[in-house]
$ cat upload.txt   # compact mmCIF, C-alpha atoms
# COMPACT_ATOMS: atom_id res chain seq x y z
CA MET A 1 15.59 -13.66 -13.59
CA ARG A 2 16.78 -10.26 -14.84
CA TRP A 3 15.84 -9.16 -18.35
CA PRO A 4 18.04 -6.69 -20.23
CA GLY A 5 16.66 -3.58 -21.85
CA VAL A 6 13.22 -3.84 -23.37
CA MET A 7 12.61 -7.25 -21.77
CA HIS A 8 11.66 -5.44 -18.56
CA SER A 9 8.37 -4.74 -20.35
CA LEU A 10 5.72 -7.41 -19.89
CA ARG A 11 4.23 -6.62 -23.31
CA ALA A 12 7.62 -6.94 -25.05
CA ARG A 13 8.37 -10.15 -23.16
CA LEU A 14 5.06 -11.71 -24.19
CA LEU A 15 5.49 -10.65 -27.80
CA VAL A 16 9.02 -12.03 -28.00
CA PHE A 17 8.11 -15.31 -26.38
CA LEU A 18 4.95 -15.82 -28.45
CA LEU A 19 6.69 -15.02 -31.73
CA ALA A 20 9.59 -17.27 -30.76
CA ALA A 21 7.07 -20.00 -30.00
CA ILE A 22 5.54 -19.58 -33.46
CA VAL A 23 8.97 -19.81 -35.13
CA LEU A 24 9.89 -22.82 -33.00
CA ALA A 25 6.59 -24.53 -33.80
CA GLY A 26 7.19 -23.95 -37.52
CA GLY A 27 10.70 -25.38 -37.28
CA ILE A 28 9.49 -28.45 -35.38
CA GLN A 29 6.70 -28.95 -37.92
CA ALA A 30 9.21 -28.75 -40.78
CA LEU A 31 11.51 -31.26 -39.08
CA VAL A 32 8.69 -33.69 -38.35
CA THR A 33 7.37 -33.34 -41.92
CA TYR A 34 10.85 -33.92 -43.36
CA ARG A 35 11.44 -37.08 -41.33
CA THR A 36 7.95 -38.42 -42.03
CA VAL A 37 8.20 -37.80 -45.78
CA LEU A 38 11.70 -39.28 -45.88
CA ARG A 39 10.46 -42.42 -44.15
CA GLU A 40 7.51 -42.73 -46.54
CA ALA A 41 9.75 -42.03 -49.58
CA ASP A 42 12.13 -44.79 -48.47
CA ALA A 43 9.26 -47.26 -48.35
CA ILE A 44 7.87 -46.20 -51.75
CA PHE A 45 11.24 -46.17 -53.56
CA ASP A 46 12.30 -49.46 -51.98
CA TYR A 47 9.11 -50.97 -53.37
CA HIS A 48 9.88 -49.55 -56.81
CA MET A 49 13.41 -50.97 -56.64
CA GLN A 50 11.99 -54.38 -55.77
CA GLN A 51 9.56 -54.24 -58.70
CA MET A 52 12.33 -53.22 -61.10
CA ALA A 53 14.57 -56.05 -59.92
CA LEU A 54 11.74 -58.56 -60.26
CA SER A 55 11.03 -57.35 -63.81
CA LEU A 56 14.65 -58.13 -64.77
CA ARG A 57 14.54 -61.73 -63.54
CA ALA A 58 13.25 -62.94 -66.98
CA GLY A 59 16.62 -62.03 -68.52
CA LEU A 60 18.21 -59.30 -70.64
CA PRO A 61 17.85 -58.76 -74.40
CA PRO A 62 20.72 -60.16 -76.54
CA SER A 63 21.83 -56.67 -77.55
CA ALA A 64 22.63 -55.70 -73.97
CA ALA A 65 26.35 -54.94 -73.75
CA VAL A 66 28.74 -54.17 -70.91
CA SER A 67 29.27 -50.68 -72.29
CA GLY A 68 25.95 -49.57 -70.76
CA LEU A 69 23.32 -47.22 -71.95
CA GLY A 70 25.43 -44.20 -72.89
CA PRO A 71 26.23 -40.77 -71.49
CA SER A 72 22.76 -39.41 -71.99
CA ASP A 73 21.44 -41.84 -69.40
CA GLN A 74 23.75 -40.79 -66.55
CA ASN A 75 20.92 -38.92 -64.81
CA PHE A 76 18.70 -41.98 -64.53
CA GLU A 77 17.06 -42.00 -61.11
CA PHE A 78 17.84 -45.71 -60.75
CA VAL A 79 21.16 -47.40 -61.53
CA VAL A 80 21.01 -51.06 -62.66
CA GLN A 81 23.85 -53.63 -62.85
CA VAL A 82 23.68 -57.34 -63.66
CA TRP A 83 26.42 -59.79 -62.70
CA THR A 84 27.07 -63.42 -63.48
CA GLN A 85 27.83 -65.79 -60.64
CA ASP A 86 31.56 -65.75 -61.54
CA GLY A 87 31.69 -61.95 -61.08
CA GLN A 88 31.40 -60.77 -64.69
CA ARG A 89 29.30 -57.66 -65.21
CA ILE A 90 27.06 -58.18 -68.22
CA PHE A 91 24.90 -55.06 -67.91
CA GLU A 92 25.10 -51.59 -66.42
CA SER A 93 23.02 -48.45 -66.85
CA ALA A 94 25.91 -46.03 -66.14
CA ASP A 95 29.27 -45.31 -67.79
CA GLU A 96 31.34 -46.75 -65.00
CA ALA A 97 30.79 -49.15 -62.19
CA LEU A 98 29.15 -47.63 -59.23
CA LEU A 99 28.24 -50.70 -57.22
CA PRO A 100 30.49 -53.32 -55.62
CA GLN A 101 31.05 -56.55 -57.53
CA LEU A 102 30.47 -58.70 -54.45
CA ALA A 103 27.16 -57.65 -53.03
CA VAL A 104 25.15 -58.75 -50.04
CA LEU A 105 21.69 -59.91 -51.05
CA GLY A 106 18.90 -57.60 -49.91
CA PHE A 107 19.03 -53.88 -49.14
CA ALA A 108 22.27 -52.07 -48.24
CA GLU A 109 23.77 -48.59 -48.41
CA VAL A 110 26.95 -47.96 -50.38
CA ASN A 111 29.13 -44.84 -50.53
CA ALA A 112 30.24 -43.96 -54.07
CA ARG A 113 31.06 -40.77 -55.98
CA GLY A 114 30.88 -38.76 -52.77
CA THR A 115 27.30 -39.72 -52.04
CA THR A 116 25.29 -42.58 -50.59
CA TYR A 117 23.33 -45.08 -52.65
CA ARG A 118 20.53 -47.34 -51.57
CA VAL A 119 21.26 -50.76 -53.20
CA LEU A 120 19.02 -53.79 -53.64
CA SER A 121 20.77 -57.03 -54.67
CA MET A 122 18.70 -60.02 -55.91
CA GLN A 123 19.79 -63.41 -57.32
CA ALA A 124 17.77 -64.97 -60.17
CA ARG A 125 18.64 -67.66 -62.81
CA GLY A 126 22.33 -67.60 -62.03
CA LEU A 127 22.54 -63.81 -62.19
CA VAL A 128 22.86 -61.13 -59.51
CA ILE A 129 20.66 -58.13 -60.24
CA GLN A 130 21.50 -54.83 -58.48
CA VAL A 131 19.24 -51.76 -58.47
CA ALA A 132 20.53 -48.59 -56.76
CA GLN A 133 19.26 -45.07 -56.13
CA ASP A 134 21.02 -41.95 -54.92
CA MET A 135 19.71 -41.07 -51.43
CA ALA A 136 20.05 -37.37 -52.26
CA ALA A 137 16.98 -37.67 -54.50
CA ARG A 138 14.91 -38.90 -51.58
CA ARG A 139 16.23 -36.19 -49.28
CA GLN A 140 15.55 -33.54 -51.91
CA MET A 141 11.95 -34.64 -52.27
CA ALA A 142 11.42 -34.74 -48.50
CA GLY A 143 13.04 -31.33 -48.06
CA GLY A 144 10.90 -29.82 -50.79
CA LEU A 145 7.70 -31.08 -49.18
CA ALA A 146 8.78 -29.82 -45.75
CA LEU A 147 9.58 -26.43 -47.25
CA ARG A 148 6.17 -26.27 -48.89
CA THR A 149 4.60 -27.11 -45.52
CA VAL A 150 6.43 -24.33 -43.67
CA ALA A 151 6.11 -21.74 -46.44
CA PRO A 152 2.50 -20.76 -45.55
CA ILE A 153 3.57 -20.19 -41.95
CA ALA A 154 6.43 -17.96 -43.09
CA LEU A 155 4.09 -16.03 -45.39
CA MET A 156 1.54 -15.65 -42.58
CA ALA A 157 4.19 -14.55 -40.05
CA PRO A 158 3.45 -10.79 -40.39
CA LEU A 159 -0.27 -11.45 -39.89
CA LEU A 160 0.48 -13.72 -36.94
CA MET A 161 2.69 -11.01 -35.42
CA LEU A 162 -0.12 -8.48 -35.83
CA VAL A 163 -2.66 -10.83 -34.22
CA VAL A 164 -0.29 -11.60 -31.33
CA TRP A 165 0.38 -7.90 -30.78
CA TRP A 166 -3.36 -7.14 -30.83
CA VAL A 167 -4.19 -9.94 -28.38
CA VAL A 168 -1.38 -9.05 -25.98
CA SER A 169 -2.18 -5.34 -26.07
CA GLY A 170 -5.88 -6.01 -25.53
CA SER A 171 -5.16 -8.37 -22.63
CA LEU A 172 -2.90 -5.84 -20.93
CA ALA A 173 -5.25 -2.89 -21.49
CA PRO A 174 -6.87 -3.27 -18.02
CA VAL A 175 -3.43 -3.19 -16.43
CA ALA A 176 -2.63 0.02 -18.29
CA ARG A 177 -5.96 1.44 -17.10
CA VAL A 178 -5.14 0.66 -13.48
CA ARG A 179 -1.70 2.22 -13.89
CA SER A 180 -3.29 5.34 -15.35
CA GLN A 181 -5.77 5.56 -12.49
CA VAL A 182 -3.05 5.30 -9.85
CA ALA A 183 -0.73 7.72 -11.68
CA SER A 184 -3.42 10.40 -12.02
CA ARG A 185 -4.44 10.38 -8.35
CA GLN A 186 -3.90 13.13 -5.87
CA PRO A 187 -1.60 12.32 -2.92
CA ASP A 188 -4.55 12.19 -0.49
CA ASP A 189 -6.80 10.08 -2.74
CA LEU A 190 -6.88 6.59 -1.16
CA SER A 191 -10.15 5.41 -2.69
CA PRO A 192 -10.22 1.83 -4.06
CA VAL A 193 -9.05 1.12 -7.59
CA GLY A 194 -11.74 -0.28 -9.89
CA GLU A 195 -11.50 -4.04 -10.50
CA GLU A 196 -13.99 -4.22 -13.38
CA GLY A 197 -12.75 -6.09 -16.43
CA LEU A 198 -9.46 -7.15 -14.87
CA PRO A 199 -8.15 -10.64 -15.67
CA GLU A 200 -8.04 -13.20 -12.88
CA GLU A 201 -4.23 -13.01 -12.73
CA VAL A 202 -4.23 -9.25 -12.08
CA ARG A 203 -7.33 -8.94 -9.89
CA PRO A 204 -5.64 -10.31 -6.71
CA LEU A 205 -2.86 -7.72 -7.12
CA VAL A 206 -5.38 -4.88 -7.40
CA ALA A 207 -7.35 -6.31 -4.45
CA GLU A 208 -4.21 -6.27 -2.30
CA LEU A 209 -3.49 -2.73 -3.49
CA ASN A 210 -6.98 -1.68 -2.38
CA LEU A 211 -6.42 -3.33 1.00
CA LEU A 212 -3.17 -1.40 1.31
CA PHE A 213 -4.99 1.84 0.45
CA ASP A 214 -7.59 1.02 3.10
CA ARG A 215 -4.96 0.37 5.77
CA VAL A 216 -3.12 3.58 4.90
CA ARG A 217 -6.40 5.53 4.96
CA ARG A 218 -7.31 4.13 8.36
CA ALA A 219 -3.83 4.94 9.64
CA PHE A 220 -4.17 8.52 8.36
CA ASP A 221 -7.62 8.81 9.92
CA ALA A 222 -6.31 7.51 13.23
CA GLN A 223 -3.47 10.02 13.09
CA LYS A 224 -5.86 12.86 12.33
CA HIS A 225 -8.18 11.84 15.17
CA PHE A 226 -5.30 11.50 17.58
CA VAL A 227 -3.89 14.93 16.74
CA ALA A 228 -7.34 16.53 17.02
CA ASP A 229 -8.18 14.77 20.29
CA ALA A 230 -4.78 15.44 21.80
CA ALA A 231 -4.94 19.13 20.88
CA HIS A 232 -8.44 19.39 22.33
CA GLU A 233 -7.88 17.49 25.55
CA LEU A 234 -4.41 18.77 26.40
CA ARG A 235 -5.59 22.35 26.23
CA SER A 236 -7.51 22.14 29.52
CA PRO A 237 -4.84 20.31 31.60
CA LEU A 238 -2.12 22.63 30.39
CA ALA A 239 -4.25 25.66 31.20
CA ALA A 240 -4.89 24.21 34.66
CA LEU A 241 -1.15 23.61 35.18
CA LYS A 242 -0.43 27.18 34.18
CA LEU A 243 -3.01 28.40 36.69
CA GLN A 244 -1.50 26.22 39.43
CA VAL A 245 1.94 27.69 38.72
CA GLN A 246 0.49 31.21 39.07
CA LEU A 247 -1.17 30.28 42.38
CA LEU A 248 2.11 28.80 43.56
CA ARG A 249 3.87 32.05 42.86
CA ARG A 250 1.23 34.04 44.77
CA ALA A 251 1.18 31.76 47.80
CA GLY A 252 2.39 33.80 50.76
CA ASP A 253 2.25 31.45 53.75
CA PRO A 254 3.73 27.95 53.89
CA ALA A 255 0.31 26.24 54.11
CA ALA A 256 -0.97 27.89 50.93
CA HIS A 257 2.34 27.17 49.24
CA GLU A 258 2.14 23.49 50.16
CA GLN A 259 -1.45 23.26 48.97
CA ALA A 260 -0.51 24.86 45.64
CA VAL A 261 2.38 22.40 45.27
CA GLN A 262 0.03 19.46 45.89
CA ARG A 263 -2.47 20.77 43.36
CA LEU A 264 0.30 21.28 40.82
CA ALA A 265 1.59 17.73 41.39
CA ALA A 266 -1.93 16.34 41.01
CA GLY A 267 -2.41 18.33 37.81
CA ILE A 268 0.89 17.00 36.46
CA ASP A 269 -0.19 13.44 37.32
CA ARG A 270 -3.51 13.90 35.50
CA ALA A 271 -1.79 15.38 32.45
CA THR A 272 0.75 12.55 32.46
CA ARG A 273 -2.02 9.97 32.68
CA LEU A 274 -3.89 11.67 29.85
CA VAL A 275 -0.79 11.69 27.60
CA GLU A 276 -0.14 8.02 28.37
CA GLN A 277 -3.70 7.09 27.47
CA LEU A 278 -3.58 9.13 24.29
CA LEU A 279 -0.35 7.43 23.23
CA THR A 280 -1.80 4.02 24.10
CA LEU A 281 -4.90 4.73 22.04
CA ALA A 282 -2.77 5.94 19.12
CA ARG A 283 -0.59 2.81 19.24
CA ASN A 284 -3.62 0.53 19.30
CA GLU A 285 -5.27 2.26 16.36
CA ALA A 286 -2.03 2.25 14.36
CA HIS A 287 -1.57 -1.44 15.16
CA ALA A 288 -5.13 -2.18 14.06
CA ALA A 289 -4.64 -0.25 10.83
CA ALA A 290 -1.37 -2.05 10.09
CA GLY A 291 -2.87 -5.48 10.84
CA GLY A 292 -0.06 -7.13 12.81
CA THR A 293 0.44 -10.86 13.21
CA ALA A 294 -1.62 -12.52 15.95
CA ALA A 295 -0.46 -15.36 18.21
CA PRO A 296 -2.05 -17.50 20.95
CA VAL A 297 -2.27 -15.53 24.25
CA ASP A 298 -3.01 -16.99 27.68
CA LEU A 299 -5.88 -14.73 28.77
CA ALA A 300 -6.02 -16.14 32.33
CA MET A 301 -2.37 -15.26 32.85
CA LEU A 302 -2.98 -11.67 31.72
CA ALA A 303 -5.99 -11.45 34.06
CA ARG A 304 -3.81 -12.52 37.01
CA GLU A 305 -1.24 -9.87 36.07
CA ALA A 306 -3.89 -7.15 35.82
CA VAL A 307 -5.34 -8.09 39.22
CA ALA A 308 -1.88 -8.15 40.79
CA ASP A 309 -1.07 -4.69 39.37
CA ALA A 310 -4.31 -3.22 40.77
CA VAL A 311 -4.07 -4.80 44.23
CA ALA A 312 -2.30 -1.78 45.75
CA ALA A 313 -4.96 0.68 44.52
CA ALA A 314 -7.72 -1.68 45.70
CA GLU A 315 -6.23 -2.04 49.19
CA THR A 316 -6.23 1.73 49.71
CA LYS A 317 -10.04 1.64 49.32
CA HIS A 318 -10.44 -1.74 51.07
CA ILE A 319 -11.86 -3.28 47.91
CA ASP A 320 -12.10 -7.06 47.60
CA LEU A 321 -10.37 -7.59 44.22
CA GLY A 322 -9.79 -11.08 42.84
CA LEU A 323 -10.29 -13.72 40.19
CA ALA A 324 -13.67 -15.39 40.50
CA ARG A 325 -12.74 -17.91 37.78
CA ALA A 326 -9.71 -18.36 35.58
CA ASP A 327 -9.99 -21.19 33.03
CA ALA A 328 -6.91 -22.23 31.08
CA VAL A 329 -7.99 -20.66 27.78
CA SER A 330 -6.15 -18.74 25.09
CA VAL A 331 -7.15 -16.36 22.31
CA GLU A 332 -5.50 -15.37 19.05
CA GLY A 333 -4.30 -11.82 19.52
CA HIS A 334 -1.60 -9.35 20.50
CA ILE A 335 -0.39 -9.79 24.06
CA ASP A 336 0.51 -6.14 24.71
CA ALA A 337 -2.86 -4.86 23.48
CA LEU A 338 -4.76 -7.46 25.52
CA ARG A 339 -2.73 -6.55 28.61
CA ILE A 340 -3.79 -2.91 28.15
CA LEU A 341 -7.44 -3.97 27.76
CA LEU A 342 -7.43 -5.93 31.02
CA ARG A 343 -5.54 -3.25 32.92
CA ASN A 344 -8.01 -0.55 31.85
CA LEU A 345 -11.05 -2.66 32.73
CA VAL A 346 -9.71 -3.56 36.18
CA ASP A 347 -8.46 0.01 36.85
CA ASN A 348 -11.85 1.48 35.90
CA ALA A 349 -13.68 -1.00 38.12
CA VAL A 350 -11.44 -0.21 41.09
CA LYS A 351 -11.65 3.54 40.43
CA TYR A 352 -15.47 3.70 40.41
CA THR A 353 -16.09 1.15 43.17
CA PRO A 354 -16.69 2.80 46.57
CA GLN A 355 -14.94 1.96 49.85
CA ASN A 356 -15.26 -1.66 51.04
CA GLY A 357 -16.60 -2.71 47.65
CA ARG A 358 -15.87 -5.73 45.49
CA VAL A 359 -14.46 -6.34 42.01
CA ASP A 360 -14.51 -9.79 40.35
CA VAL A 361 -12.68 -10.85 37.21
CA THR A 362 -13.75 -13.99 35.32
CA VAL A 363 -12.06 -15.75 32.40
CA GLN A 364 -13.88 -18.80 31.04
CA GLN A 365 -14.91 -20.70 27.96
CA ALA A 366 -18.18 -19.26 26.66
CA GLN A 367 -21.10 -21.64 27.12
CA GLU A 368 -23.21 -20.31 24.23
CA GLY A 369 -21.86 -19.40 20.83
CA GLY A 370 -18.32 -20.58 21.55
CA GLY A 371 -15.26 -18.42 22.07
CA VAL A 372 -13.72 -17.08 25.27
CA LEU A 373 -15.55 -14.83 27.73
CA LEU A 374 -13.89 -12.15 29.88
CA VAL A 375 -16.08 -10.53 32.56
CA VAL A 376 -15.17 -7.67 34.91
CA GLU A 377 -17.93 -6.67 37.35
CA ASP A 378 -18.00 -4.44 40.43
CA SER A 379 -20.25 -3.25 43.22
CA GLY A 380 -20.10 0.40 42.19
CA PRO A 381 -22.91 2.69 41.05
CA GLY A 382 -22.92 1.34 37.51
CA LEU A 383 -24.05 3.28 34.45
CA GLU A 384 -27.40 4.55 33.33
CA GLU A 385 -28.74 2.72 30.31
CA ALA A 386 -28.63 5.92 28.24
CA ASP A 387 -24.86 6.24 28.87
CA ARG A 388 -23.90 2.64 28.08
CA LEU A 389 -23.52 3.30 24.36
CA ARG A 390 -21.83 6.69 24.62
CA VAL A 391 -19.33 5.60 27.26
CA TRP A 392 -17.23 3.90 24.54
CA ASP A 393 -16.63 7.29 22.86
CA ARG A 394 -13.45 9.18 23.52
CA PHE A 395 -13.49 11.69 26.36
CA PHE A 396 -17.10 10.94 27.27
CA ARG A 397 -17.80 10.91 31.00
CA ALA A 398 -21.11 10.26 32.65
CA ALA A 399 -22.70 13.21 34.38
CA ASP A 400 -22.62 11.44 37.76
CA ALA A 401 -19.03 10.15 37.45
CA SER A 402 -17.59 10.02 40.97
CA ALA A 403 -13.89 9.64 40.11
CA PRO A 404 -11.61 11.91 38.10
CA GLY A 405 -10.57 10.75 34.66
CA SER A 406 -10.17 11.64 31.02
CA GLY A 407 -12.80 9.38 29.46
CA LEU A 408 -10.29 7.38 27.47
CA GLY A 409 -10.21 4.09 29.40
CA LEU A 410 -13.17 2.41 27.74
CA ALA A 411 -12.31 3.99 24.38
CA ILE A 412 -8.98 2.13 24.59
CA VAL A 413 -10.84 -1.05 25.53
CA ARG A 414 -13.06 -0.67 22.47
CA SER A 415 -10.10 -0.15 20.12
CA VAL A 416 -8.37 -3.29 21.44
CA ALA A 417 -11.60 -5.29 21.16
CA GLU A 418 -12.09 -4.18 17.56
CA LEU A 419 -8.51 -5.18 16.80
CA HIS A 420 -9.31 -8.73 18.00
CA GLY A 421 -12.82 -8.97 16.58
CA ALA A 422 -14.30 -9.22 20.09
CA GLU A 423 -17.84 -8.25 21.14
CA LEU A 424 -18.40 -5.78 24.01
CA GLN A 425 -21.43 -5.64 26.27
CA LEU A 426 -22.27 -3.40 29.24
CA ASP A 427 -25.03 -4.27 31.70
CA ARG A 428 -25.73 -4.45 35.43
CA SER A 429 -24.05 -7.15 37.51
CA ALA A 430 -26.61 -9.63 38.85
CA THR A 431 -24.38 -10.60 41.82
CA LEU A 432 -22.61 -7.35 42.75
CA GLY A 433 -25.15 -4.79 41.58
CA GLY A 434 -22.68 -2.52 39.78
CA LEU A 435 -21.38 -2.41 36.23
CA ARG A 436 -20.57 -5.61 34.35
CA VAL A 437 -18.33 -5.53 31.27
CA ARG A 438 -18.43 -8.64 29.07
CA VAL A 439 -15.83 -9.19 26.31
CA ARG A 440 -16.44 -12.19 24.06
CA PHE A 441 -13.46 -13.24 21.94
CA PRO A 442 -14.07 -15.40 18.88
CA GLY A 443 -13.21 -19.10 19.22

$ encode --input "upload.txt" --output "structure tokens"
Amino acid sequence: MRWPGVMHSLRARLLVFLLAAIVLAGGIQALVTYRTVLREADAIFDYHMQQMALSLRAGLPPSAAVSGLGPSDQNFEFVVQVWTQDGQRIFESADEALLPQLAVLGFAEVNARGTTYRVLSMQARGLVIQVAQDMAARRQMAGGLALRTVAPIALMAPLLMLVVWWVVSGSLAPVARVRSQVASRQPDDLSPVGEEGLPEEVRPLVAELNLLFDRVRRAFDAQKHFVADAAHELRSPLAALKLQVQLLRRAGDPAAHEQAVQRLAAGIDRATRLVEQLLTLARNEAHAAAGGTAAPVDLAMLAREAVADAVAAAETKHIDLGLARADAVSVEGHIDALRILLRNLVDNAVKYTPQNGRVDVTVQQAQEGGGVLLVVEDSGPGLEEADRLRVWDRFFRAADASAPGSGLGLAIVRSVAELHGAELQLDRSATLGGLRVRVRFPG
């Protein structure tokens, strides 16, 4: 719903609605009081009319005449008429007839002189006694009592407005404080907003705002790290490419020229691979910071794809690459990120496994602790225990690394594992003797 003008303000909207509720409550109270008093007045005055009619059953004094009681008695609250059975009026308390000559016994309402009368007709000793009262008198009494009931509310309205304004302003003070905190921040200040003293209705909004600040901060940090790492790591490959170009220019004989071309092509391949890994790492970190939506992923299918993609590289080194076990299990995650994780693990295993070695990939339901277990193990040299913690860092390479690389493969694996809440473990393979990488996904 759209609110015009000042109604866009929550404070103004609350004040208007609360004051309108007070006015409406006063009006309803006045109406209920009026109807209740009118009902009670009807019962009381009907009883009085009955008592007056019963008091006249003993008869009228001989001096009673048809001419009535005189002009000075026109404002009597009750009007009385007495009729004989043949329709002759023998007594009236007003100057002219107000009530019908032929009356229905009991209570009835009659319209006369532009108003409504409540009439009681009673038969006694051959006479018909009628007692009537103007209904306006009853309504006037009920209206006066209702007005007296509502009057204190009307007199207290300014105080009520002040109390409502004070309560609303005090309740919204924490919201104003949060607004002031956010408005006074520097553009790079992404620290959490304080939630102290906030009402329960506003606290979830501030909590989500803090989560947003945290995601933006992590995205900024990932961007800063990526730019710093890219600038640092691209410096050496680009310098090497520049040197290869200079050597290519100086090459005099065809053999030296061909060797320079091969070195230049290899340098370009390494730089390309480094850029691809940097971009992959940046995408994973940005995805983790943004918190994308996860979906069930068939991990065994991705393992088969990763093995199939690495078969050509494994055959060139005569490595026995295959799936030792592939259970039909799935994990909640992001299929592209998990595909990158598997590809990097299998590629690293093939890269560091010597000729005629073996690489096994296992996907199974974890026996202890639940979840899904992914294991990639090889018959390569493995890692020293001192390097098993540092190898997850970007651009770290063990001192005895036998294959060229940039040191980003396992860093990418770690970023994908953190995105999925998975646990990583490096140890020595009991069956193949090389490195074993275990990734446990939550169940």

$ closest_residue --input "upload.txt" --among "A:Ala366, A:Met135, A:Val376, A:Ile412" --to "Tyr117 in chain A" --atoms "only C-alpha atoms"
A:Met135

$ residues_around --input "upload.txt" --residues "Leu54 in chain A" --least-positions-apart "4" --cutoff "10 Å" --atoms "all atoms listed in the file" --output "ChimeraX atom specification"
/A:48-50,58,122-124,129

$ write_last_selection --input "upload.txt" --atoms "C-alpha atoms" --output "mmCIF file, keeping the file's coordinate frame"
data_model
loop_
_atom_site.group_PDB
_atom_site.id
_atom_site.type_symbol
_atom_site.label_atom_id
_atom_site.label_comp_id
_atom_site.auth_asym_id
_atom_site.auth_seq_id
_atom_site.Cartn_x
_atom_site.Cartn_y
_atom_site.Cartn_z
ATOM 1 C CA HIS A 48 9.880 -49.550 -56.810
ATOM 2 C CA MET A 49 13.410 -50.970 -56.640
ATOM 3 C CA GLN A 50 11.990 -54.380 -55.770
ATOM 4 C CA ALA A 58 13.250 -62.940 -66.980
ATOM 5 C CA MET A 122 18.700 -60.020 -55.910
ATOM 6 C CA GLN A 123 19.790 -63.410 -57.320
ATOM 7 C CA ALA A 124 17.770 -64.970 -60.170
ATOM 8 C CA ILE A 129 20.660 -58.130 -60.240
#

$ residues_around --input "upload.txt" --residues "range 416-429 of chain A" --least-positions-apart "6" --cutoff "7 Å" --atoms "all atoms listed in the file" --output "list in words"
Asn284, Ala288, Gly333, Ala337, Leu338, Leu341, Glu377, Gly382, Arg388, Leu435, Arg436, Val437, Arg438, Val439, Arg440, Phe441 and Pro442 of chain A

$ atom_distance --input "upload.txt" --atom1 "CA of Asp327 in chain A" --atom2 "CA of Ala308 in chain A"
17.2 Å

$ closest_residue --input "upload.txt" --among "A:Arg414, A:Ser379, A:Ala430, A:Leu127" --to "Val391 in chain A" --atoms "only C-alpha atoms"
A:Arg414

$ atom_distance --input "upload.txt" --atom1 "CA of Glu276 in chain A" --atom2 "CA of Gln244 in chain A"
21.3 Å

$ residues_around --input "upload.txt" --residues "range 293-298 of chain A" --least-positions-apart "4" --cutoff "9 Å" --atoms "only C-alpha atoms" --output "number ranges by chain"
A: 302-303, 328-335, 338, 420

$ atom_distance --input "upload.txt" --atom1 "CA of Gln29 in chain A" --atom2 "CA of Val168 in chain A"
24.6 Å

$ residues_around --input "upload.txt" --residues "Ala207 in chain A" --least-positions-apart "4" --cutoff "12 Å" --atoms "all atoms listed in the file" --output "list in words"
Val178, Pro192, Val193, Gly194, Glu195, Glu196, Leu198, Glu200, Glu201, Val202, Arg203, Leu211, Leu212, Phe213 and Asp214 of chain A

$ residues_near_point --input "upload.txt" --point "(27.6, -37.3, -52.5)" --cutoff "12 Å" --atoms "only C-alpha atoms" --output "PyMOL selection string"
chain A and resi 110-117+133-137+139
